[in-house]
4 protein chains.
Amino acid sequence: MVKVTLIGAGSAVFARQILTDVLAIGGLDGGNFALVDIDADRLKLAHDVFEKLVELTGKNWTVESSTERNDVLAGTDFLVNSIEVAGLENVRHDYEIPLRYGVDQCIGDTIGPGGIFKALRTGPTWLEILRDAERECPDAVVMNYTNPMSLLTLAATRATSMDVVGLCHSIQGTSEQLAGYLEVPLEELRFRAAGINHNSWFVELERDGEDLYPELRRRVPELYGQDPVRFETMINLGAFPTESSGHFSEYLPYFRKRPDLIQRYTRDGYLGESGYYANNWPTWRAENDEEIRRMLSGEEELPLERSPEYAADVIEAITLNREKVIYGNVGNTGLIENLPDGCVEVVCLVDKNGIQPTHFGTLPEQLAALNRAHMAVHELVVQALLEHDRQSALYALMLDPLTAAVCSLEEIRHMFDEMWAAQHPFLTSFG
Amino acid sequence: MVKVTLIGAGSAVFARQILTDVLAIGGLDGGNFALVDIDADRLKLAHDVFEKLVELTGKNWTVESSTERNDVLAGTDFLVNSIEVAGLENVRHDYEIPLRYGVDQCIGDTIGPGGIFKALRTGPTWLEILRDAERECPDAVVMNYTNPMSLLTLAATRATSMDVVGLCHSIQGTSEQLAGYLEVPLEELRFRAAGINHNSWFVELERDGEDLYPELRRRVPELYGQDPVRFETMINLGAFPTESSGHFSEYLPYFRKRPDLIQRYTRDGYLGESGYYANNWPTWRAENDEEIRRMLSGEEELPLERSPEYAADVIEAITLNREKVIYGNVGNTGLIENLPDGCVEVVCLVDKNGIQPTHFGTLPEQLAALNRAHMAVHELVVQALLEHDRQSALYALMLDPLTAAVCSLEEIRHMFDEMWAAQHPFLTSFG
Amino acid sequence: MVKVTLIGAGSAVFARQILTDVLAIGGLDGGNFALVDIDADRLKLAHDVFEKLVELTGKNWTVESSTERNDVLAGTDFLVNSIEVAGLENVRHDYEIPLRYGVDQCIGDTIGPGGIFKALRTGPTWLEILRDAERECPDAVVMNYTNPMSLLTLAATRATSMDVVGLCHSIQGTSEQLAGYLEVPLEELRFRAAGINHNSWFVELERDGEDLYPELRRRVPELYGQDPVRFETMINLGAFPTESSGHFSEYLPYFRKRPDLIQRYTRDGYLGESGYYANNWPTWRAENDEEIRRMLSGEEELPLERSPEYAADVIEAITLNREKVIYGNVGNTGLIENLPDGCVEVVCLVDKNGIQPTHFGTLPEQLAALNRAHMAVHELVVQALLEHDRQSALYALMLDPLTAAVCSLEEIRHMFDEMWAAQHPFLTSFG
Amino acid sequence: MVKVTLIGAGSAVFARQILTDVLAIGGLDGGNFALVDIDADRLKLAHDVFEKLVELTGKNWTVESSTERNDVLAGTDFLVNSIEVAGLENVRHDYEIPLRYGVDQCIGDTIGPGGIFKALRTGPTWLEILRDAERECPDAVVMNYTNPMSLLTLAATRATSMDVVGLCHSIQGTSEQLAGYLEVPLEELRFRAAGINHNSWFVELERDGEDLYPELRRRVPELYGQDPVRFETMINLGAFPTESSGHFSEYLPYFRKRPDLIQRYTRDGYLGESGYYANNWPTWRAENDEEIRRMLSGEEELPLERSPEYAADVIEAITLNREKVIYGNVGNTGLIENLPDGCVEVVCLVDKNGIQPTHFGTLPEQLAALNRAHMAVHELVVQALLEHDRQSALYALMLDPLTAAVCSLEEIRHMFDEMWAAQHPFLTSFG
């Protein structure tokens, strides 16, 4: 009997999708779900949806839930992590303090000042979960969805013996967008992509052996406004990246450091709006809970389609020994030869032998260099987490490409001090 | 239109199988086959079989053949190499000269004195083929079946820009044998195997999460006689290897260095018979040609079943973008972390993006050490081939584990000199 | 008889110093000097100084000179490179064009827009010299002083079989400054420094086992104004760097990107003055020639003291087998474990066995990351040089930390185009 | 005040030499010696010699001694290890049991059955010493002389944070022998040597730029009998190794596996006599103690010459910041590129910054392969020591080149079982 445990299951919309996907696996007719969340109310919501979904599909799955993970970890085969630590209390600090120093973030949950502090808040809990898992279910496959995903996955590979992969759908998503831009059926698109999460690069893009980049460049005049930062990147740096224009604009030093550049390269919402995440995520979160309530009450339909998220693919591949191919975020054991040891995003074969990353080779140097800049930040934050060392986190912020393009070292130190002071109650593990 | 070129197609039994497999690919209804062999008579035989097979399947494939590879290389998508260079003239030298020095080989075509000289005879032609391919069909995927396969594939990765994989069915074959020994359905066997060709190791062997090695050890008393060298290896070194007892007995220093050990650990035929290959291969070769003639004349049926050979899988996966998983022999870019740069056998994902080796991790040190011993021999023979340097080939023979267990340095030098003198007409590239 | 060849000997002040140092080697009483420069007048000047110096010391050295290096390369044991290619014609372009895009350089001859274009102009000639040396004096030890030194040395390690080391006195110089700041005798200072040239880091600084950094930090209030950028770096990033405040301010994104920061962190001259090198170097060059003329005429004394430059140390160590320790710039074969393959500055042992780099270990990650940013630029410029590829040079400029902190991608492209157009006559090897 | 602690100081002859060397360091006029040995009588002997020596030199050194290392470790700057664990009780088992299986050892204290069991007996104590040192004197430089030196040094680099180097004079010794064979003054010999201890290789041997190997080969007829195994190795494998013919004959599979080969390639005593060490070492040990007693009583003179052992050089270099060059055995951080991670012997620069290994490059593949064979044995014994795993030690013995050339796997297992049974009282840490 396979057992799937979701930590942070109170994110009921996400949990619902993972469950729906798992229920849709043909040939896997039953098992155990365990749901964990420290928020008993949201956990109840998730539990109810799960029971309803299981009932709808008529499959033989049991559901249990607990606010104490150690009640349910034992026996877990697959551990899905989607925890969120103190976001409501800090998301505005993450945005507003840097803004006063000129660092204008759109999303800011994976890198930059916001991403670094989110990692500092979330990392200690994440590492405790993994330590519990080492004891209770040492052979479980751990799938991490919590952001900063790449950084937290790296911390896991450094600090625990658990088998951890970081998952994100940005490569799939971008390939769909590219298919759309090019008006080519997705299944006819051949591409090779690799890098680090949100900064992977489509280094090849073909149909029937024909390079599609010339065609994509020809279409820039008509498409530019839909994805300005990514097209600007493609034109100048030679490859299309995997994160949305707005979020991606925060990763590089070129787009958000001056008001005129923000004006020129960004648009509303996910195309780069200032504070888009900080201003909206609390609302989205509440709306998600509402939506789940409507699904439970029957006001809204519970969708049963399988999504392209990889978690169910991994469960299917390993449990039923069906070969699946995913993009996974894993330790760089020479997979991308010109990136250092760290967490990289590459094609992985999954079957009963688990998640097996494939060798990619060498990225074009200019793209590798942009990846390395963030990998250094990750490395320093992981150092901060593992050694409970505030100073390493400050160094990390000094190296963030956008922050370094905007501020002096002294300004960065002051910004860091101010953020630390504001978030201090949630940074207790740093003593 | 896909084009598949077979170099050494005069090995008609092998060529027939590859063709049969390709014709059996569902959804691939046509293409071009090009056959090359320097022996016009055997090439004619292969050509006739091909035409007959295509006719039988009713598929839309054309067949052309030539004794000059440069007539047909252009446009090749898949190049399958199964050449054989001067074997009839030298197979007895390969066996008899070493035997006079106490090195008693059973097969001797991939390692040891026989394997090293086969490499020295075959390598120069193989490298010329690759140089022609670089010019005529630089994007072709090259699949090498010619022995010493691992060594010749390594030479290719060092000397050419062609994308080359070495293929062998020994891991599949051994997994079938293990399933039989254990009386477990093959599809229920979960295993992880890696190493170098013929010396890969089943480091895990399970069913439903249960380690099957204890059961295999329990069955040793009844099974030992069927596979003595492999069971002896498993008992003492901790893992089951991928080559037959007879051939495998030549790879290690433990089994064939003293008459009493040969007596004890070997049996007839493929279980270790002295000179089994040298004494029989010329006959087998003639019988194969005869069998093909009978198939053509209708005396014998032309089988149409797809075999487990990987060549057609690779063609299917890349051409039709169907994910396939093979064990391929590829450059060790950190895939097996405790083996050096060289040619290793690991799980590869194949799809439209080509052959993508997966990261394996670390072999148990005692098994890695046995692999490294042969990898040093490969390295030195490749050095001999690329630098036309006889001395490196002599060093290689000094390092062959069985030879080193039997002879002194001086004896090895004399053996080498004698073999060189006997085979001199076929070693002209060494000047 | 040892033969020392100076290419670019027309830099007579530098050549004079090297010669003086060599003449001061005790126990090396004679040999041959060969001087090469394409400027016959300046070469004559150098030749005359050499003859005078040899005469003064009474040692048994001969001097020959030629505008054609191939006349004198044969037999060379030590090749010292100090060429300068088209500097007079381009130094103002190197400064003024970037300035119009907001990139305000102080020195700009090793990195940034100025350094990159200097490399593009100088690299092709440098590689030709090395190819000539491969033919004429393949066993010579090559010492490169020409800037961008680190980048050109990297190009050499990638493109030639010559044994090349890059030399600079910045680590010695900085250690003297630190001794002065700390009022500690230089010989009592113990330090470990490593990184890349001009960006090496004093990771340890002690006397008698006592860490001197706390004392240096205590003295910051009084010392800050003498070295503002380096003290700011030490305070915030944790280590003192090896290049002067002014030049170092160009390497990082923090100090010169906004007028207020330039105002705050820089001072006149070598402390960061805008255009200091472009505005003064042509004059310095002329003054140097004048000074040499005065020395020849006897108006000024010819100094005979040995300097701390390493060239004579290398010659002494190898020729007389006296162990010397230098900081050399060499290929990173795992010497600094968290820097990639590239050109690094580490302690080297020199004796009759040549220049033997020592293993350093791991740099603090924040310092390594700053080094890696420039190593990526070097890598791309080397790619541009070896593949005659303009696009790689443009990518390099996009990655320059200061340029990336000031400009958008489009602005960088325009700046590059403008510089290319201005310097086109000197970039002929890019076709 | 520098403090030098000798563990195993009861080896009074060795301890006396180290002390004599340290007392001979010009400019180091005092300090503290601490002597440790579990044998109070032999410790007393060493203590008395030390006091007498200090008195003779008139230097200002104190001497303390204890049978409990933890009484004296605190404050240690240099820790010299020369312990010997249960040798008297086991040296005959180490020799006689393998001999019954046909493995005929001459020395057998660093590799082979004898060396492996010596490591199993000695390793646990050695690791305890290092753990005590981590606590009491974490910054001490540890110099290990105890055999198997390379293996125990590797265990230290894997298991402790102490800075450990393994020391041996075999490269110096061999260079003197070569100078003698060639009748060239030692100071005129230029050579490069590297590998693993006792298996390093003179890959270059020159005077004034002239390769001396041709001359050495010319002299083989007259010299062969003085060093048969080393000359045989040089003739056939291309380089002269660093260990005496007798001991070196045990490292390779070519010389001692058959009675006729032993007859042919070995001579009396250190030239390869069977059981030379086992039969003589107990006597030598007693004679050494006697000699020390005579020196104390005045019957024999106490020599005051400094020896070529490196320990005093290391102390001098670090304490007085005088650059010294030694061959040290250190972790292979890419120093020898074609050897794996392990313990290698390379040139090290020593000064106040400690022991800094230099990068060597690549060994000829045939020599690297012979080194790797023993490095695998070391790796497995270290695994046995660190994981208290008997099985890994058995695997190690299976891979010993001479043992593997003589025995079957089963025979090796029986030999191992027999040795284990005999030495069981001294292998208690394996449970």
# chains A, B, ... in the order shown; residues from 1 in each chain; ligands from 1

call {"tool": "residues_around", "arguments": {"residues": "segment 176-190 of chain D", "least_positions_apart": "2", "cutoff": "8 Å", "atoms": "only C-alpha atoms", "output": "list in words"}}
result
Lys352 and Asn353 of chain C; Gln172, Gly173, Thr174, Arg192, Glu204, Leu205, Glu206, Arg207, Asp208, Glu215, Leu216 and Leu223 of chain D

call {"tool": "residues_around", "arguments": {"residues": "Pro98 of chain D", "least_positions_apart": "5", "cutoff": "9 Å", "atoms": "only C-alpha atoms", "output": "list of chain:residue names"}}
result
D:His93, D:Val103, D:Asp104, D:Gln105, D:Pro113, D:Gly114, D:Thr403, D:Ile412, D:Met415, D:Phe416, D:Met419

call {"tool": "write_last_selection", "arguments": {"atoms": "C-alpha atoms", "output": "CSV table (one decimal), in the first residue's frame"}}
result
chain,number,residue,atom,x,y,z
D,93,HIS,CA,51.3,-14.3,11.9
D,103,VAL,CA,52.0,-15.2,-0.6
D,104,ASP,CA,55.7,-14.9,0.2
D,105,GLN,CA,56.4,-11.5,1.7
D,113,PRO,CA,48.3,-9.3,4.0
D,114,GLY,CA,50.9,-8.1,6.6
D,403,THR,CA,47.7,-11.9,-3.3
D,412,ILE,CA,42.1,-15.3,0.1
D,415,MET,CA,43.8,-16.7,4.6
D,416,PHE,CA,42.0,-13.7,5.9
D,419,MET,CA,44.8,-14.2,10.1

call {"tool": "closest_atom_pairs", "arguments": {"of": "chain C", "to": "chain A", "cutoff": "7 Å", "atoms": "only C-alpha atoms", "output": "tab-separated table"}}
result
residue	atom	partner	partner_atom	distance
C:Asn236	CA	A:Leu409	CA	6.5
C:Leu237	CA	A:Tyr395	CA	6.9
C:Pro253	CA	A:Ala405	CA	6.1
C:Tyr254	CA	A:Ser408	CA	4.7
C:Phe255	CA	A:Ser408	CA	6.5
C:Glu365	CA	A:Leu380	CA	6.8
C:Gln366	CA	A:Tyr395	CA	6.1
C:Ala369	CA	A:Ala376	CA	6.0
C:Ala376	CA	A:Ala369	CA	6.0
C:Leu380	CA	A:Glu365	CA	6.8
C:Tyr395	CA	A:Gln366	CA	6.1
C:Ala404	CA	A:Pro253	CA	6.2
C:Ala405	CA	A:Ala405	CA	4.1
C:Cys407	CA	A:Tyr254	CA	6.6
C:Ser408	CA	A:Tyr254	CA	4.7
C:Leu409	CA	A:Tyr254	CA	6.2

call {"tool": "select_by_dssp", "arguments": {"residues": "segment 71-115 of chain A", "states": "strand (DSSP E)", "output": "list of chain:residue names"}}
result
A:Phe78, A:Leu79, A:Val80, A:Asn81

call {"tool": "residues_around", "arguments": {"residues": "segment 86-90 of chain A", "least_positions_apart": "6", "cutoff": "8 Å", "atoms": "only C-alpha atoms", "output": "PDB file with all heavy atoms, in the first residue's frame"}}
result
ATOM      1  N   LYS A 118      12.611  34.907   2.935  1.00  0.00           N
ATOM      2  CA  LYS A 118      11.683  33.773   2.940  1.00  0.00           C
ATOM      3  C   LYS A 118      12.458  32.482   3.225  1.00  0.00           C
ATOM      4  O   LYS A 118      12.000  31.620   3.975  1.00  0.00           O
ATOM      5  CB  LYS A 118      10.971  33.686   1.580  1.00  0.00           C
ATOM      6  CG  LYS A 118       9.816  32.683   1.506  1.00  0.00           C
ATOM      7  CD  LYS A 118       9.009  32.939   0.224  1.00  0.00           C
ATOM      8  CE  LYS A 118       8.171  31.752  -0.236  1.00  0.00           C
ATOM      9  NZ  LYS A 118       7.055  31.390   0.628  1.00  0.00           N
ATOM     10  N   ARG A 121      13.352  32.284   6.899  1.00  0.00           N
ATOM     11  CA  ARG A 121      12.203  31.935   7.739  1.00  0.00           C
ATOM     12  C   ARG A 121      11.800  30.478   7.574  1.00  0.00           C
ATOM     13  O   ARG A 121      11.416  29.803   8.522  1.00  0.00           O
ATOM     14  CB  ARG A 121      10.982  32.808   7.375  1.00  0.00           C
ATOM     15  CG  ARG A 121      11.164  34.300   7.595  1.00  0.00           C
ATOM     16  CD  ARG A 121       9.843  35.048   7.469  1.00  0.00           C
ATOM     17  NE  ARG A 121       9.130  34.782   6.229  1.00  0.00           N
ATOM     18  CZ  ARG A 121       9.209  35.521   5.126  1.00  0.00           C
ATOM     19  NH1 ARG A 121      10.003  36.582   5.082  1.00  0.00           N
ATOM     20  NH2 ARG A 121       8.505  35.209   4.058  1.00  0.00           N
ATOM     21  N   PRO A 282      -1.908  37.660  -0.263  1.00  0.00           N
ATOM     22  CA  PRO A 282      -2.827  37.404   0.846  1.00  0.00           C
ATOM     23  C   PRO A 282      -4.281  37.248   0.355  1.00  0.00           C
ATOM     24  O   PRO A 282      -5.013  36.381   0.827  1.00  0.00           O
ATOM     25  CB  PRO A 282      -2.653  38.648   1.725  1.00  0.00           C
ATOM     26  CG  PRO A 282      -1.258  39.133   1.432  1.00  0.00           C
ATOM     27  CD  PRO A 282      -1.091  38.882  -0.031  1.00  0.00           C
ATOM     28  N   GLN A 423      11.659  41.182  10.903  1.00  0.00           N
ATOM     29  CA  GLN A 423      11.254  39.776  10.853  1.00  0.00           C
ATOM     30  C   GLN A 423      11.846  38.971  12.004  1.00  0.00           C
ATOM     31  O   GLN A 423      11.716  37.736  12.028  1.00  0.00           O
ATOM     32  CB  GLN A 423      11.681  39.170   9.504  1.00  0.00           C
ATOM     33  CG  GLN A 423      11.228  40.019   8.316  1.00  0.00           C
ATOM     34  CD  GLN A 423      11.137  39.240   7.022  1.00  0.00           C
ATOM     35  OE1 GLN A 423      11.283  38.021   7.003  1.00  0.00           O
ATOM     36  NE2 GLN A 423      10.855  39.944   5.942  1.00  0.00           N
ATOM     37  N   PHE A 426      10.600  35.766  13.651  1.00  0.00           N
ATOM     38  CA  PHE A 426      10.509  34.540  12.850  1.00  0.00           C
ATOM     39  C   PHE A 426      11.892  34.007  12.478  1.00  0.00           C
ATOM     40  O   PHE A 426      12.017  33.131  11.648  1.00  0.00           O
ATOM     41  CB  PHE A 426       9.667  34.815  11.606  1.00  0.00           C
ATOM     42  CG  PHE A 426       8.330  35.393  11.939  1.00  0.00           C
ATOM     43  CD1 PHE A 426       8.118  36.767  11.926  1.00  0.00           C
ATOM     44  CD2 PHE A 426       7.291  34.566  12.342  1.00  0.00           C
ATOM     45  CE1 PHE A 426       6.892  37.310  12.279  1.00  0.00           C
ATOM     46  CE2 PHE A 426       6.064  35.095  12.700  1.00  0.00           C
ATOM     47  CZ  PHE A 426       5.855  36.466  12.678  1.00  0.00           C
TER      48      PHE A 426
END

call {"tool": "residues_around", "arguments": {"residues": "Asn199 of chain C", "least_positions_apart": "6", "cutoff": "9 Å", "atoms": "only C-alpha atoms", "output": "list in words"}}
result
Pro241, Thr242, Glu243, Phe248, Tyr251, Glu345, Leu367, Leu370 and Asn371 of chain C

call {"tool": "write_last_selection", "arguments": {"atoms": "all heavy atoms", "output": "CSV table (one decimal), in the first residue's frame"}}
result
chain,number,residue,atom,x,y,z
C,241,PRO,N,41.3,43.3,-0.3
C,241,PRO,CA,41.7,42.9,-1.7
C,241,PRO,C,43.1,43.5,-2.1
C,241,PRO,O,43.6,44.4,-1.5
C,241,PRO,CB,40.6,43.5,-2.5
C,241,PRO,CG,40.2,44.7,-1.8
C,241,PRO,CD,40.5,44.5,-0.4
C,242,THR,N,43.6,42.9,-3.3
C,242,THR,CA,44.9,43.2,-3.6
C,242,THR,C,45.1,44.4,-4.6
C,242,THR,O,46.3,44.6,-5.0
C,242,THR,CB,45.6,42.0,-4.2
C,242,THR,OG1,44.7,41.5,-5.2
C,242,THR,CG2,45.8,40.9,-3.2
C,243,GLU,N,44.1,45.0,-5.0
C,243,GLU,CA,44.3,46.1,-6.0
C,243,GLU,C,43.9,47.4,-5.4
C,243,GLU,O,43.1,47.5,-4.4
C,243,GLU,CB,43.4,45.8,-7.3
C,243,GLU,CG,43.7,46.8,-8.4
C,243,GLU,CD,45.1,47.1,-8.7
C,243,GLU,OE1,45.9,46.2,-9.0
C,243,GLU,OE2,45.5,48.3,-8.5
C,248,PHE,N,40.4,49.0,-8.1
C,248,PHE,CA,39.5,47.9,-7.5
C,248,PHE,C,38.0,48.4,-7.6
C,248,PHE,O,37.1,47.6,-7.7
C,248,PHE,CB,39.9,47.6,-6.1
C,248,PHE,CG,39.1,46.4,-5.5
C,248,PHE,CD1,39.3,45.2,-6.0
C,248,PHE,CD2,38.2,46.6,-4.5
C,248,PHE,CE1,38.6,44.1,-5.5
C,248,PHE,CE2,37.5,45.5,-4.0
C,248,PHE,CZ,37.7,44.2,-4.5
C,251,TYR,N,36.0,47.0,-10.4
C,251,TYR,CA,35.8,45.5,-10.5
C,251,TYR,C,34.4,45.1,-9.9
C,251,TYR,O,33.9,44.1,-10.3
C,251,TYR,CB,36.9,44.7,-9.7
C,251,TYR,CG,38.1,44.5,-10.5
C,251,TYR,CD1,39.2,45.5,-10.5
C,251,TYR,CD2,38.3,43.4,-11.3
C,251,TYR,CE1,40.3,45.3,-11.3
C,251,TYR,CE2,39.5,43.2,-12.0
C,251,TYR,CZ,40.5,44.1,-12.0
C,251,TYR,OH,41.6,43.9,-12.8
C,345,GLU,N,45.4,33.2,-9.1
C,345,GLU,CA,46.7,33.7,-8.5
C,345,GLU,C,46.9,33.0,-7.2
C,345,GLU,O,46.2,33.2,-6.2
C,345,GLU,CB,46.5,35.2,-8.3
C,345,GLU,CG,47.8,35.9,-8.0
C,345,GLU,CD,47.7,37.5,-8.1
C,345,GLU,OE1,46.9,38.1,-7.4
C,345,GLU,OE2,48.3,38.0,-9.0
C,367,LEU,N,33.6,35.8,-1.6
C,367,LEU,CA,34.8,36.3,-2.3
C,367,LEU,C,35.0,35.5,-3.6
C,367,LEU,O,35.3,36.0,-4.7
C,367,LEU,CB,36.1,36.2,-1.4
C,367,LEU,CG,35.9,36.9,0.0
C,367,LEU,CD1,37.2,36.6,0.8
C,367,LEU,CD2,35.6,38.3,-0.2
C,370,LEU,N,32.6,36.8,-6.3
C,370,LEU,CA,33.1,38.0,-7.0
C,370,LEU,C,34.2,37.7,-8.0
C,370,LEU,O,34.3,38.2,-9.1
C,370,LEU,CB,33.6,39.0,-5.9
C,370,LEU,CG,32.5,39.5,-5.0
C,370,LEU,CD1,33.2,40.4,-3.9
C,370,LEU,CD2,31.5,40.3,-5.7
C,371,ASN,N,35.1,36.7,-7.7
C,371,ASN,CA,36.1,36.2,-8.6
C,371,ASN,C,35.4,35.6,-9.8
C,371,ASN,O,35.8,35.8,-11.0
C,371,ASN,CB,37.0,35.2,-8.0
C,371,ASN,CG,38.0,35.9,-7.0
C,371,ASN,OD1,38.7,35.2,-6.3
C,371,ASN,ND2,38.2,37.2,-7.0

call {"tool": "residues_around", "arguments": {"residues": "Ala312 of chain D", "least_positions_apart": "5", "cutoff": "12 Å", "atoms": "only C-alpha atoms", "output": "list in words"}}
result
Val4, Ala15, Gln17, Ile18, Leu19, Thr20, Asp21, Val22, Leu23, Ala24, Ile25, Gly26, Leu28, Phe78, Leu79, Val80, Met143, Leu167, Arg306, Ser307, Ala317, Ile318, Thr319, Leu320, Arg322, Lys324, Ile326 and Val350 of chain D

call {"tool": "select_by_dssp", "arguments": {"residues": "segment 344-416 of chain D", "states": "helix (DSSP H, G or I)", "output": "VMD selection string"}}
result
chain D and resid 365 to 387 390 to 399 401 to 406 409 to 416

call {"tool": "atom_distance", "arguments": {"atom1": "atom CA of Phe240 of chain A", "atom2": "atom CA of Trp284 of chain A"}}
result
28.8 Å

call {"tool": "closest_residue", "arguments": {"among": "A:Asp71, A:Asp37, A:Glu337, A:Asp289", "to": "Ala194 of chain A", "atoms": "only C-alpha atoms"}}
result
A:Glu337

call {"tool": "residues_around", "arguments": {"residues": "segment 47-49 of chain A", "least_positions_apart": "4", "cutoff": "9 Å", "atoms": "only C-alpha atoms", "output": "list in words"}}
result
Ala9, Gly10, Ala12, Arg16, Leu35, Arg42, Leu43, Leu53, Val54, Val63, Glu64, Ser65, Ile292, Arg293, Met295, Leu296 and Leu302 of chain A

call {"tool": "residues_around", "arguments": {"residues": "segment 122-134 of chain A", "least_positions_apart": "3", "cutoff": "8 Å", "atoms": "only C-alpha atoms", "output": "list of chain:residue names"}}
result
A:Asn70, A:Leu73, A:Ala74, A:Glu84, A:Val85, A:Lys118, A:Ala119, A:Cys137, A:Pro138, A:Asp139, A:Ala140, A:Leu152, A:Ala155, A:Ala156, A:Ala159, A:Thr160, A:Ser161, A:Met162, A:Leu385, A:Ser429
